[in-house]
$ cat my_file-v6.pdb   # PDB, C-alpha atoms, pLDDT in the B column
ATOM      1  CA  MET Q   1     -86.752 167.433 -19.761  1.00 93.00           C
ATOM      2  CA  PHE Q   2     -84.249 168.012 -16.963  1.00 97.00           C
ATOM      3  CA  VAL Q   3     -82.545 164.750 -15.920  1.00 98.00           C
ATOM      4  CA  LYS Q   4     -80.570 164.359 -12.696  1.00 98.00           C
ATOM      5  CA  ILE Q   5     -78.529 161.278 -11.816  1.00 98.00           C
ATOM      6  CA  CYS Q   6     -78.066 161.203  -8.054  1.00 97.00           C
ATOM      7  CA  GLY Q   7     -75.959 159.200  -5.644  1.00 97.00           C
ATOM      8  CA  ILE Q   8     -72.743 159.635  -7.630  1.00 98.00           C
ATOM      9  CA  THR Q   9     -69.693 158.413  -5.687  1.00 98.00           C
ATOM     10  CA  ASN Q  10     -66.834 158.496  -8.201  1.00 98.00           C
ATOM     11  CA  ALA Q  11     -65.475 160.474 -11.143  1.00 98.00           C
ATOM     12  CA  GLU Q  12     -66.008 157.707 -13.682  1.00 98.00           C
ATOM     13  CA  ASP Q  13     -69.750 157.600 -13.048  1.00 98.00           C
ATOM     14  CA  ALA Q  14     -70.058 161.399 -12.994  1.00 98.00           C
ATOM     15  CA  LEU Q  15     -68.309 161.750 -16.355  1.00 98.00           C
ATOM     16  CA  MET Q  16     -70.301 158.853 -17.774  1.00 98.00           C
ATOM     17  CA  ALA Q  17     -73.622 160.387 -16.695  1.00 98.00           C
ATOM     18  CA  ALA Q  18     -72.646 163.686 -18.296  1.00 98.00           C
ATOM     19  CA  ALA Q  19     -71.639 161.907 -21.510  1.00 97.00           C
ATOM     20  CA  MET Q  20     -74.982 160.086 -21.558  1.00 97.00           C
ATOM     21  CA  GLY Q  21     -76.815 163.409 -21.507  1.00 97.00           C
ATOM     22  CA  ALA Q  22     -77.645 164.009 -17.845  1.00 98.00           C
ATOM     23  CA  ASP Q  23     -78.183 167.668 -16.988  1.00 98.00           C
ATOM     24  CA  ALA Q  24     -77.194 167.274 -13.349  1.00 98.00           C
ATOM     25  CA  VAL Q  25     -75.365 164.900 -11.034  1.00 98.00           C
ATOM     26  CA  GLY Q  26     -76.034 164.657  -7.325  1.00 98.00           C
ATOM     27  CA  PHE Q  27     -73.678 163.914  -4.434  1.00 98.00           C
ATOM     28  CA  VAL Q  28     -75.094 162.740  -1.098  1.00 98.00           C
ATOM     29  CA  PHE Q  29     -73.551 164.242   2.040  1.00 98.00           C
ATOM     30  CA  ALA Q  30     -76.203 162.868   4.403  1.00 96.00           C
ATOM     31  CA  PRO Q  31     -75.816 159.414   6.000  1.00 94.00           C
ATOM     32  CA  SER Q  32     -76.357 156.913   3.186  1.00 93.00           C
ATOM     33  CA  PRO Q  33     -74.637 153.990   1.434  1.00 94.00           C
ATOM     34  CA  ARG Q  34     -73.860 156.623  -1.225  1.00 96.00           C
ATOM     35  CA  GLN Q  35     -72.417 159.226   1.143  1.00 97.00           C
ATOM     36  CA  VAL Q  36     -69.319 161.028  -0.136  1.00 98.00           C
ATOM     37  CA  THR Q  37     -66.713 163.421   1.250  1.00 98.00           C
ATOM     38  CA  VAL Q  38     -65.932 166.987   0.295  1.00 98.00           C
ATOM     39  CA  GLY Q  39     -62.486 165.996  -0.967  1.00 98.00           C
ATOM     40  CA  THR Q  40     -63.836 163.282  -3.221  1.00 98.00           C
ATOM     41  CA  VAL Q  41     -66.456 165.558  -4.735  1.00 98.00           C
ATOM     42  CA  ARG Q  42     -64.022 168.439  -5.223  1.00 98.00           C
ATOM     43  CA  GLU Q  43     -61.860 166.199  -7.402  1.00 98.00           C
ATOM     44  CA  ILE Q  44     -64.942 165.179  -9.405  1.00 98.00           C
ATOM     45  CA  THR Q  45     -66.505 168.597  -9.956  1.00 98.00           C
ATOM     46  CA  ARG Q  46     -63.282 170.070 -11.337  1.00 97.00           C
ATOM     47  CA  ARG Q  47     -63.380 167.459 -14.137  1.00 97.00           C
ATOM     48  CA  LEU Q  48     -66.996 167.899 -15.203  1.00 98.00           C
ATOM     49  CA  PRO Q  49     -68.163 170.042 -18.147  1.00 96.00           C
ATOM     50  CA  PRO Q  50     -69.322 173.489 -17.005  1.00 94.00           C
ATOM     51  CA  ASP Q  51     -72.867 172.941 -18.256  1.00 95.00           C
ATOM     52  CA  VAL Q  52     -73.464 170.002 -15.896  1.00 98.00           C
ATOM     53  CA  VAL Q  53     -75.239 171.106 -12.697  1.00 98.00           C
ATOM     54  CA  THR Q  54     -73.486 169.688  -9.631  1.00 98.00           C
ATOM     55  CA  VAL Q  55     -75.851 169.215  -6.687  1.00 98.00           C
ATOM     56  CA  GLY Q  56     -75.049 168.549  -3.039  1.00 98.00           C
ATOM     57  CA  VAL Q  57     -77.772 166.589  -1.254  1.00 98.00           C
ATOM     58  CA  PHE Q  58     -78.253 167.303   2.453  1.00 98.00           C
ATOM     59  CA  ARG Q  59     -80.691 166.090   5.092  1.00 96.00           C
ATOM     60  CA  ASP Q  60     -81.337 168.017   8.320  1.00 96.00           C
ATOM     61  CA  GLN Q  61     -77.776 169.336   8.505  1.00 97.00           C
ATOM     62  CA  GLU Q  62     -76.835 172.731   9.878  1.00 97.00           C
ATOM     63  CA  PRO Q  63     -76.679 175.603   7.363  1.00 98.00           C
ATOM     64  CA  ARG Q  64     -73.006 176.228   8.179  1.00 98.00           C
ATOM     65  CA  PHE Q  65     -72.139 172.640   7.282  1.00 98.00           C
ATOM     66  CA  VAL Q  66     -74.110 172.907   4.034  1.00 98.00           C
ATOM     67  CA  ILE Q  67     -72.451 176.193   3.086  1.00 98.00           C
ATOM     68  CA  ASP Q  68     -68.940 174.979   3.881  1.00 98.00           C
ATOM     69  CA  THR Q  69     -69.582 171.815   1.874  1.00 98.00           C
ATOM     70  CA  LEU Q  70     -70.922 173.690  -1.140  1.00 98.00           C
ATOM     71  CA  LEU Q  71     -67.925 175.985  -1.222  1.00 98.00           C
ATOM     72  CA  GLY Q  72     -65.346 173.318  -0.420  1.00 98.00           C
ATOM     73  CA  ALA Q  73     -66.623 170.827  -2.991  1.00 98.00           C
ATOM     74  CA  GLY Q  74     -67.212 173.368  -5.756  1.00 98.00           C
ATOM     75  CA  LEU Q  75     -70.928 172.627  -6.061  1.00 98.00           C
ATOM     76  CA  ARG Q  76     -73.404 174.764  -7.948  1.00 98.00           C
ATOM     77  CA  ALA Q  77     -76.658 173.712  -6.273  1.00 98.00           C
ATOM     78  CA  ALA Q  78     -77.974 172.525  -2.917  1.00 98.00           C
ATOM     79  CA  GLN Q  79     -80.785 170.025  -2.410  1.00 97.00           C
ATOM     80  CA  LEU Q  80     -82.401 170.075   1.039  1.00 97.00           C
ATOM     81  CA  HIS Q  81     -83.865 166.628   1.501  1.00 92.00           C
ATOM     82  CA  GLY Q  82     -84.982 166.710   5.126  1.00 91.00           C
ATOM     83  CA  HIS Q  83     -87.161 168.919   7.298  1.00 91.00           C
ATOM     84  CA  GLU Q  84     -85.160 172.108   6.902  1.00 94.00           C
ATOM     85  CA  THR Q  85     -86.928 175.340   7.750  1.00 94.00           C
ATOM     86  CA  THR Q  86     -87.420 178.360   5.542  1.00 94.00           C
ATOM     87  CA  GLU Q  87     -84.807 180.105   7.696  1.00 96.00           C
ATOM     88  CA  HIS Q  88     -82.298 177.375   6.872  1.00 96.00           C
ATOM     89  CA  ALA Q  89     -83.074 177.762   3.180  1.00 96.00           C
ATOM     90  CA  ALA Q  90     -82.650 181.539   3.348  1.00 96.00           C
ATOM     91  CA  ALA Q  91     -79.234 181.169   4.997  1.00 98.00           C
ATOM     92  CA  ILE Q  92     -78.010 178.696   2.366  1.00 97.00           C
ATOM     93  CA  ARG Q  93     -79.473 180.293  -0.775  1.00 96.00           C
ATOM     94  CA  PRO Q  94     -76.822 183.048  -1.242  1.00 96.00           C
ATOM     95  CA  TYR Q  95     -74.073 180.434  -1.451  1.00 97.00           C
ATOM     96  CA  CYS Q  96     -75.404 178.411  -4.373  1.00 97.00           C
ATOM     97  CA  GLN Q  97     -76.610 179.139  -7.867  1.00 96.00           C
ATOM     98  CA  ALA Q  98     -79.741 177.068  -7.354  1.00 96.00           C
ATOM     99  CA  LEU Q  99     -81.735 175.638  -4.457  1.00 97.00           C
ATOM    100  CA  ILE Q 100     -83.825 172.479  -4.647  1.00 96.00           C
ATOM    101  CA  VAL Q 101     -86.216 171.651  -1.821  1.00 94.00           C
ATOM    102  CA  ALA Q 102     -87.321 168.032  -1.517  1.00 92.00           C
ATOM    103  CA  LEU Q 103     -90.748 167.100  -0.198  1.00 87.00           C
ATOM    104  CA  THR Q 104     -92.344 163.763   0.547  1.00 82.00           C
ATOM    105  CA  ALA Q 105     -95.406 163.032  -1.558  1.00 72.00           C
ATOM    106  CA  GLY Q 106     -98.552 163.899   0.346  1.00 65.00           C
ATOM    107  CA  GLU Q 107     -96.902 165.912   3.127  1.00 65.00           C
ATOM    108  CA  SER Q 108     -98.364 169.153   4.425  1.00 58.00           C
ATOM    109  CA  ARG Q 109     -95.513 171.512   3.472  1.00 67.00           C
ATOM    110  CA  TRP Q 110     -97.009 172.002   0.003  1.00 68.00           C
ATOM    111  CA  ASP Q 111     -98.879 174.970   1.456  1.00 69.00           C
ATOM    112  CA  THR Q 112     -95.669 176.781   2.388  1.00 74.00           C
ATOM    113  CA  VAL Q 113     -93.211 175.535  -0.230  1.00 79.00           C
ATOM    114  CA  THR Q 114     -93.175 178.892  -2.040  1.00 82.00           C
ATOM    115  CA  GLU Q 115     -91.717 180.453   1.122  1.00 88.00           C
ATOM    116  CA  TYR Q 116     -88.484 178.513   0.626  1.00 90.00           C
ATOM    117  CA  GLY Q 117     -87.527 180.524  -2.445  1.00 90.00           C
ATOM    118  CA  ALA Q 118     -86.478 177.334  -4.213  1.00 91.00           C
ATOM    119  CA  ASP Q 119     -85.652 177.138  -7.902  1.00 94.00           C
ATOM    120  CA  ALA Q 120     -87.213 173.673  -8.051  1.00 93.00           C
ATOM    121  CA  VAL Q 121     -89.181 171.317  -5.828  1.00 91.00           C
ATOM    122  CA  LEU Q 122     -88.269 167.635  -5.822  1.00 93.00           C
ATOM    123  CA  VAL Q 123     -90.969 165.158  -4.832  1.00 90.00           C
ATOM    124  CA  ASP Q 124     -89.816 161.835  -3.407  1.00 85.00           C
ATOM    125  CA  GLY Q 125     -91.493 158.840  -1.817  1.00 75.00           C
ATOM    126  CA  PRO Q 126     -91.847 158.248   1.936  1.00 67.00           C
ATOM    127  CA  SER Q 127     -88.562 156.265   2.031  1.00 64.00           C
ATOM    128  CA  PRO Q 128     -85.929 158.185   0.018  1.00 62.00           C
ATOM    129  CA  GLY Q 129     -83.061 156.115  -1.316  1.00 59.00           C
ATOM    130  CA  THR Q 130     -84.913 152.796  -1.251  1.00 58.00           C
ATOM    131  CA  GLY Q 131     -85.910 152.767  -4.904  1.00 62.00           C
ATOM    132  CA  ARG Q 132     -89.602 152.388  -4.090  1.00 71.00           C
ATOM    133  CA  VAL Q 133     -92.230 153.930  -6.339  1.00 71.00           C
ATOM    134  CA  PHE Q 134     -95.011 155.900  -4.656  1.00 67.00           C
ATOM    135  CA  ASP Q 135     -98.543 156.677  -5.810  1.00 70.00           C
ATOM    136  CA  TRP Q 136     -98.084 159.532  -8.266  1.00 72.00           C
ATOM    137  CA  SER Q 137    -101.621 160.774  -7.604  1.00 71.00           C
ATOM    138  CA  ALA Q 138    -100.271 162.071  -4.266  1.00 64.00           C
ATOM    139  CA  ILE Q 139     -98.711 164.955  -6.222  1.00 74.00           C
ATOM    140  CA  GLU Q 140    -102.100 166.406  -7.056  1.00 64.00           C
ATOM    141  CA  GLY Q 141    -101.642 168.951  -4.261  1.00 56.00           C
ATOM    142  CA  ALA Q 142     -98.473 170.348  -5.786  1.00 60.00           C
ATOM    143  CA  PRO Q 143     -98.379 174.029  -6.771  1.00 57.00           C
ATOM    144  CA  ALA Q 144     -99.582 174.585 -10.329  1.00 51.00           C
ATOM    145  CA  SER Q 145     -96.560 176.684 -11.228  1.00 54.00           C
ATOM    146  CA  GLY Q 146     -92.870 176.157 -10.720  1.00 72.00           C
ATOM    147  CA  ARG Q 147     -90.374 173.440 -11.558  1.00 90.00           C
ATOM    148  CA  LEU Q 148     -91.278 170.021 -10.198  1.00 92.00           C
ATOM    149  CA  ILE Q 149     -88.686 167.240 -10.232  1.00 95.00           C
ATOM    150  CA  LEU Q 150     -90.097 163.744  -9.797  1.00 94.00           C
ATOM    151  CA  ALA Q 151     -88.046 161.144  -7.893  1.00 94.00           C
ATOM    152  CA  GLY Q 152     -88.735 157.945  -5.995  1.00 89.00           C
ATOM    153  CA  GLY Q 153     -88.179 154.566  -7.595  1.00 90.00           C
ATOM    154  CA  LEU Q 154     -87.784 155.793 -11.157  1.00 95.00           C
ATOM    155  CA  THR Q 155     -86.067 153.375 -13.532  1.00 96.00           C
ATOM    156  CA  PRO Q 156     -85.534 153.137 -17.290  1.00 97.00           C
ATOM    157  CA  ASP Q 157     -88.654 150.959 -17.381  1.00 96.00           C
ATOM    158  CA  ASN Q 158     -91.087 153.323 -15.659  1.00 96.00           C
ATOM    159  CA  VAL Q 159     -89.734 156.841 -16.184  1.00 97.00           C
ATOM    160  CA  GLY Q 160     -91.567 157.256 -19.493  1.00 96.00           C
ATOM    161  CA  GLU Q 161     -94.897 156.421 -17.864  1.00 95.00           C
ATOM    162  CA  ALA Q 162     -94.047 158.764 -14.984  1.00 94.00           C
ATOM    163  CA  VAL Q 163     -93.327 161.671 -17.322  1.00 94.00           C
ATOM    164  CA  ARG Q 164     -96.535 161.102 -19.278  1.00 92.00           C
ATOM    165  CA  SER Q 165     -98.618 160.781 -16.095  1.00 90.00           C
ATOM    166  CA  VAL Q 166     -97.192 163.539 -13.906  1.00 90.00           C
ATOM    167  CA  HIS Q 167     -95.783 165.971 -16.517  1.00 90.00           C
ATOM    168  CA  PRO Q 168     -92.857 167.013 -14.305  1.00 93.00           C
ATOM    169  CA  TRP Q 169     -90.285 169.576 -15.322  1.00 94.00           C
ATOM    170  CA  GLY Q 170     -87.552 167.091 -14.447  1.00 96.00           C
ATOM    171  CA  VAL Q 171     -86.809 163.590 -13.177  1.00 97.00           C
ATOM    172  CA  ASP Q 172     -84.273 162.213 -10.708  1.00 97.00           C
ATOM    173  CA  THR Q 173     -82.928 158.713 -10.176  1.00 97.00           C
ATOM    174  CA  SER Q 174     -80.259 156.973  -8.144  1.00 96.00           C
ATOM    175  CA  THR Q 175     -81.115 153.381  -7.241  1.00 93.00           C
ATOM    176  CA  GLY Q 176     -82.861 152.886 -10.566  1.00 95.00           C
ATOM    177  CA  VAL Q 177     -79.634 153.142 -12.561  1.00 97.00           C
ATOM    178  CA  GLU Q 178     -77.220 151.437 -10.185  1.00 97.00           C
ATOM    179  CA  VAL Q 179     -75.240 148.317 -10.845  1.00 96.00           C
ATOM    180  CA  ARG Q 180     -77.432 145.719  -9.171  1.00 92.00           C
ATOM    181  CA  GLY Q 181     -76.274 145.071  -5.634  1.00 89.00           C
ATOM    182  CA  ASP Q 182     -73.703 147.874  -5.623  1.00 94.00           C
ATOM    183  CA  PRO Q 183     -74.965 151.315  -4.495  1.00 92.00           C
ATOM    184  CA  SER Q 184     -71.552 152.844  -5.234  1.00 94.00           C
ATOM    185  CA  ARG Q 185     -71.684 152.277  -9.000  1.00 97.00           C
ATOM    186  CA  LYS Q 186     -73.944 153.327 -11.871  1.00 98.00           C
ATOM    187  CA  ASP Q 187     -74.712 151.078 -14.837  1.00 98.00           C
ATOM    188  CA  PRO Q 188     -73.944 152.947 -18.099  1.00 98.00           C
ATOM    189  CA  ARG Q 189     -76.593 151.029 -20.014  1.00 98.00           C
ATOM    190  CA  ARG Q 190     -79.260 151.882 -17.464  1.00 98.00           C
ATOM    191  CA  VAL Q 191     -78.212 155.540 -17.317  1.00 98.00           C
ATOM    192  CA  ARG Q 192     -78.390 155.828 -21.108  1.00 98.00           C
ATOM    193  CA  ALA Q 193     -81.777 154.073 -21.215  1.00 98.00           C
ATOM    194  CA  PHE Q 194     -83.134 156.296 -18.432  1.00 98.00           C
ATOM    195  CA  VAL Q 195     -82.106 159.536 -20.119  1.00 98.00           C
ATOM    196  CA  HIS Q 196     -83.490 158.375 -23.465  1.00 98.00           C
ATOM    197  CA  ALA Q 197     -86.811 157.196 -22.020  1.00 98.00           C
ATOM    198  CA  ALA Q 198     -87.346 160.396 -20.042  1.00 97.00           C
ATOM    199  CA  ARG Q 199     -86.635 162.662 -22.995  1.00 96.00           C
ATOM    200  CA  ALA Q 200     -88.679 160.534 -25.409  1.00 96.00           C
ATOM    201  CA  ALA Q 201     -91.748 160.829 -23.167  1.00 95.00           C
ATOM    202  CA  ALA Q 202     -91.495 164.598 -22.695  1.00 91.00           C
ATOM    203  CA  PRO Q 203     -93.784 166.767 -24.808  1.00 83.00           C
ATOM    204  CA  ALA Q 204     -92.092 168.604 -27.659  1.00 71.00           C
ATOM    205  CA  PRO Q 205     -91.012 171.284 -27.930  1.00 58.00           C
ATOM    206  CA  HIS Q 206     -90.298 171.211 -24.208  1.00 46.00           C
ATOM    207  CA  HIS Q 207     -88.414 174.522 -24.251  1.00 48.00           C
ATOM    208  CA  PRO Q 208     -90.068 176.882 -26.730  1.00 42.00           C
ATOM    209  CA  ASP Q 209     -87.824 179.763 -25.640  1.00 46.00           C
ATOM    210  CA  GLY Q 210     -84.833 178.020 -27.158  1.00 42.00           C
ATOM    211  CA  HIS Q 211     -82.889 177.387 -23.957  1.00 43.00           C
ATOM    212  CA  GLY Q 212     -81.450 174.027 -23.034  1.00 45.00           C
ATOM    213  CA  PRO Q 213     -82.923 171.841 -20.312  1.00 46.00           C
ATOM    214  CA  PHE Q 214     -82.110 174.517 -17.758  1.00 52.00           C
ATOM    215  CA  ASP Q 215     -79.805 177.459 -17.506  1.00 55.00           C
ATOM    216  CA  TRP Q 216     -79.353 178.060 -13.779  1.00 49.00           C
ATOM    217  CA  ALA Q 217     -77.699 181.402 -14.423  1.00 46.00           C
ATOM    218  CA  THR Q 218     -80.324 183.038 -16.619  1.00 43.00           C
ATOM    219  CA  ASP Q 219     -83.580 181.092 -16.355  1.00 46.00           C
TER     220      ASP Q 219
END
$ encode --input "my_file-v6.pdb" --output "structure tokens"
Amino acid sequence: MFVKICGITNAEDALMAAAMGADAVGFVFAPSPRQVTVGTVREITRRLPPDVVTVGVFRDQEPRFVIDTLLGAGLRAAQLHGHETTEHAAAIRPYCQALIVALTAGESRWDTVTEYGADAVLVDGPSPGTGRVFDWSAIEGAPASGRLILAGGLTPDNVGEAVRSVHPWGVDTSTGVEVRGDPSRKDPRRVRAFVHAARAAAPAPHHPDGHGPFDWATD
């Protein structure tokens, strides 16, 4: 079970998430209470273990900005969380090891999502970043194959049910593991509980080929 902790704003939380077993950490470059700068993220990524996937999260920003940010911050993956076109995705893809395309549950782009050439598709609720859970039955139109990452209001209390109900390849959380009332900080106890609950609910063996949660370079 691939676990991503998003909305990281500082090195302490990034290192803590990695120590708690997260496979990926996400940094938001779109307008948000969790928005970070290239300089801040560059200092964080250089301190993380090499097996942790570092993801830049963007929303309706020009491909040149995304590319410059990826390279300047030392990020391995890009997550397009807006209404980017397939042309935008094609321009960005050569500059990252992995591309994640985010869709809103129930939206019409399911029919064309394969045209983005994404390594994974993240499904979020109608109001990203609010911590609100959406109706998981809305994912029924998702492609049968491919890596699906479930987001949207996931917490240590409901991620196990989400994994058992939706059977995603991965899960993503931000608000659900924050220090209450402070979007700039993650709660170590909640991060640990989230990772444990997600992995405990995943079917075993989840990776019969012997690889770890995900090897962006070879998978």
$ closest_residue --input "my_file-v6.pdb" --among "Q:Ile139, Q:Val66, Q:Leu148, Q:Cys6" --to "Val101 in chain Q" --atoms "only C-alpha atoms"
Q:Leu148
$ resolve_selection --input "my_file-v6.pdb" --expression "the PyMOL selection byres ((chain Q and resi 116-123) around 7)" --output "PyMOL selection string"
chain Q and resi 86+89+98-105+113-115+124+146-151
$ resolve_selection --input "my_file-v6.pdb" --expression "the PyMOL selection byres ((chain Q and resi 10-22) around 9)" --output "CSV table (one decimal) with C-alpha atoms, in the coordinates of the input"
chain,number,residue,atom,x,y,z
Q,2,PHE,CA,-84.2,168.0,-17.0
Q,3,VAL,CA,-82.5,164.8,-15.9
Q,4,LYS,CA,-80.6,164.4,-12.7
Q,5,ILE,CA,-78.5,161.3,-11.8
Q,8,ILE,CA,-72.7,159.6,-7.6
Q,9,THR,CA,-69.7,158.4,-5.7
Q,23,ASP,CA,-78.2,167.7,-17.0
Q,24,ALA,CA,-77.2,167.3,-13.3
Q,25,VAL,CA,-75.4,164.9,-11.0
Q,26,GLY,CA,-76.0,164.7,-7.3
Q,36,VAL,CA,-69.3,161.0,-0.1
Q,40,THR,CA,-63.8,163.3,-3.2
Q,41,VAL,CA,-66.5,165.6,-4.7
Q,43,GLU,CA,-61.9,166.2,-7.4
Q,44,ILE,CA,-64.9,165.2,-9.4
Q,45,THR,CA,-66.5,168.6,-10.0
Q,47,ARG,CA,-63.4,167.5,-14.1
Q,48,LEU,CA,-67.0,167.9,-15.2
Q,49,PRO,CA,-68.2,170.0,-18.1
Q,52,VAL,CA,-73.5,170.0,-15.9
Q,184,SER,CA,-71.6,152.8,-5.2
Q,185,ARG,CA,-71.7,152.3,-9.0
Q,186,LYS,CA,-73.9,153.3,-11.9
Q,187,ASP,CA,-74.7,151.1,-14.8
Q,188,PRO,CA,-73.9,152.9,-18.1
Q,191,VAL,CA,-78.2,155.5,-17.3
Q,192,ARG,CA,-78.4,155.8,-21.1
Q,195,VAL,CA,-82.1,159.5,-20.1
Q,196,HIS,CA,-83.5,158.4,-23.5
$ resolve_selection --input "my_file-v6.pdb" --expression "the PyMOL selection byres ((chain Q and resi 61) around 9)" --output "mmCIF file with C-alpha atoms, in the coordinates of the input"
data_model
loop_
_atom_site.group_PDB
_atom_site.id
_atom_site.type_symbol
_atom_site.label_atom_id
_atom_site.label_comp_id
_atom_site.auth_asym_id
_atom_site.auth_seq_id
_atom_site.Cartn_x
_atom_site.Cartn_y
_atom_site.Cartn_z
ATOM 1 C CA ALA Q 30 -76.203 162.868 4.403
ATOM 2 C CA PHE Q 58 -78.253 167.303 2.453
ATOM 3 C CA ARG Q 59 -80.691 166.090 5.092
ATOM 4 C CA ASP Q 60 -81.337 168.017 8.320
ATOM 5 C CA GLU Q 62 -76.835 172.731 9.878
ATOM 6 C CA PRO Q 63 -76.679 175.603 7.363
ATOM 7 C CA ARG Q 64 -73.006 176.228 8.179
ATOM 8 C CA PHE Q 65 -72.139 172.640 7.282
ATOM 9 C CA VAL Q 66 -74.110 172.907 4.034
ATOM 10 C CA LEU Q 80 -82.401 170.075 1.039
ATOM 11 C CA GLY Q 82 -84.982 166.710 5.126
ATOM 12 C CA GLU Q 84 -85.160 172.108 6.902
#
$ atom_distance --input "my_file-v6.pdb" --atom1 "CA of Thr54 in chain Q" --atom2 "CA of Ala78 in chain Q"
8.6 Å
$ atom_distance --input "my_file-v6.pdb" --atom1 "CA of Arg164 in chain Q" --atom2 "CA of Ala193 in chain Q"
16.5 Å
$ closest_residue --input "my_file-v6.pdb" --among "Q:Asp135, Q:Glu161, Q:Asp172, Q:Glu178" --to "Ala200 in chain Q" --atoms "all atoms listed in the file"
Q:Glu161
$ axis_aligned_box --input "my_file-v6.pdb" --around "range 24-29 of chain Q" --padding-each-side "4 Å" --output "JSON"
{"center_x": -75.4, "center_y": 165.0, "center_z": -5.7, "size_x": 11.6, "size_y": 12.5, "size_z": 23.4}
$ residues_around --input "my_file-v6.pdb" --residues "Val38 in chain Q" --least-positions-apart "4" --cutoff "7 Å" --atoms "only C-alpha atoms" --output "mmCIF file with C-alpha atoms, in the frame of the given file"
data_model
loop_
_atom_site.group_PDB
_atom_site.id
_atom_site.type_symbol
_atom_site.label_atom_id
_atom_site.label_comp_id
_atom_site.auth_asym_id
_atom_site.auth_seq_id
_atom_site.Cartn_x
_atom_site.Cartn_y
_atom_site.Cartn_z
ATOM 1 C CA ARG Q 42 -64.022 168.439 -5.223
ATOM 2 C CA THR Q 69 -69.582 171.815 1.874
ATOM 3 C CA GLY Q 72 -65.346 173.318 -0.420
ATOM 4 C CA ALA Q 73 -66.623 170.827 -2.991
#
$ closest_residue --input "my_file-v6.pdb" --among "Q:Gly125, Q:Pro203, Q:Gly170, Q:Gly56" --to "Ile92 in chain Q" --atoms "all atoms listed in the file"
Q:Gly56
$ decode --input "my_file-v6.pdb" --residues "range 70-118 of chain Q" --atoms "C-alpha atoms" --output "CSV table (one decimal), in the first residue's frame"
chain,number,residue,atom,x,y,z
Q,70,LEU,CA,10.6,20.5,-10.2
Q,71,LEU,CA,14.2,21.1,-11.2
Q,72,GLY,CA,14.9,23.9,-8.7
Q,73,ALA,CA,13.4,22.0,-5.7
Q,74,GLY,CA,14.9,18.6,-6.6
Q,75,LEU,CA,11.6,16.9,-6.8
Q,76,ARG,CA,11.1,13.4,-8.3
Q,77,ALA,CA,7.4,13.6,-9.2
Q,78,ALA,CA,4.7,16.1,-10.3
Q,79,GLN,CA,1.1,16.0,-9.3
Q,80,LEU,CA,-1.3,18.0,-11.5
Q,81,HIS,CA,-4.2,18.9,-9.4
Q,82,GLY,CA,-6.2,21.2,-11.6
Q,83,HIS,CA,-7.6,21.2,-15.1
Q,84,GLU,CA,-4.3,20.7,-16.9
Q,85,THR,CA,-4.6,19.5,-20.5
Q,86,THR,CA,-2.9,16.4,-22.0
Q,87,GLU,CA,-0.5,18.8,-23.8
Q,88,HIS,CA,0.5,20.3,-20.4
Q,89,ALA,CA,1.1,16.8,-19.1
Q,90,ALA,CA,3.2,15.8,-22.1
Q,91,ALA,CA,5.4,18.9,-21.7
Q,92,ILE,CA,6.0,18.2,-18.0
Q,93,ARG,CA,6.5,14.4,-18.1
Q,94,PRO,CA,10.1,14.4,-19.4
Q,95,TYR,CA,11.3,16.4,-16.4
Q,96,CYS,CA,10.1,14.1,-13.6
Q,97,GLN,CA,10.4,10.5,-12.8
Q,98,ALA,CA,6.7,10.1,-12.2
Q,99,LEU,CA,3.5,12.0,-13.1
Q,100,ILE,CA,0.3,11.9,-11.0
Q,101,VAL,CA,-2.9,13.3,-12.4
Q,102,ALA,CA,-5.6,14.3,-9.9
Q,103,LEU,CA,-9.2,14.0,-10.8
Q,104,THR,CA,-12.4,15.0,-8.9
Q,105,ALA,CA,-14.6,12.1,-8.1
Q,106,GLY,CA,-17.4,11.9,-10.6
Q,107,GLU,CA,-15.9,14.2,-13.2
Q,108,SER,CA,-16.0,13.4,-16.9
Q,109,ARG,CA,-12.2,13.2,-17.6
Q,110,TRP,CA,-12.2,9.5,-16.6
Q,111,ASP,CA,-12.8,8.8,-20.3
Q,112,THR,CA,-9.6,10.5,-21.3
Q,113,VAL,CA,-7.4,9.9,-18.3
Q,114,THR,CA,-5.2,7.4,-20.1
Q,115,GLU,CA,-4.2,10.1,-22.6
Q,116,TYR,CA,-2.3,11.9,-19.9
Q,117,GLY,CA,0.4,9.2,-19.7
Q,118,ALA,CA,0.3,9.3,-15.9
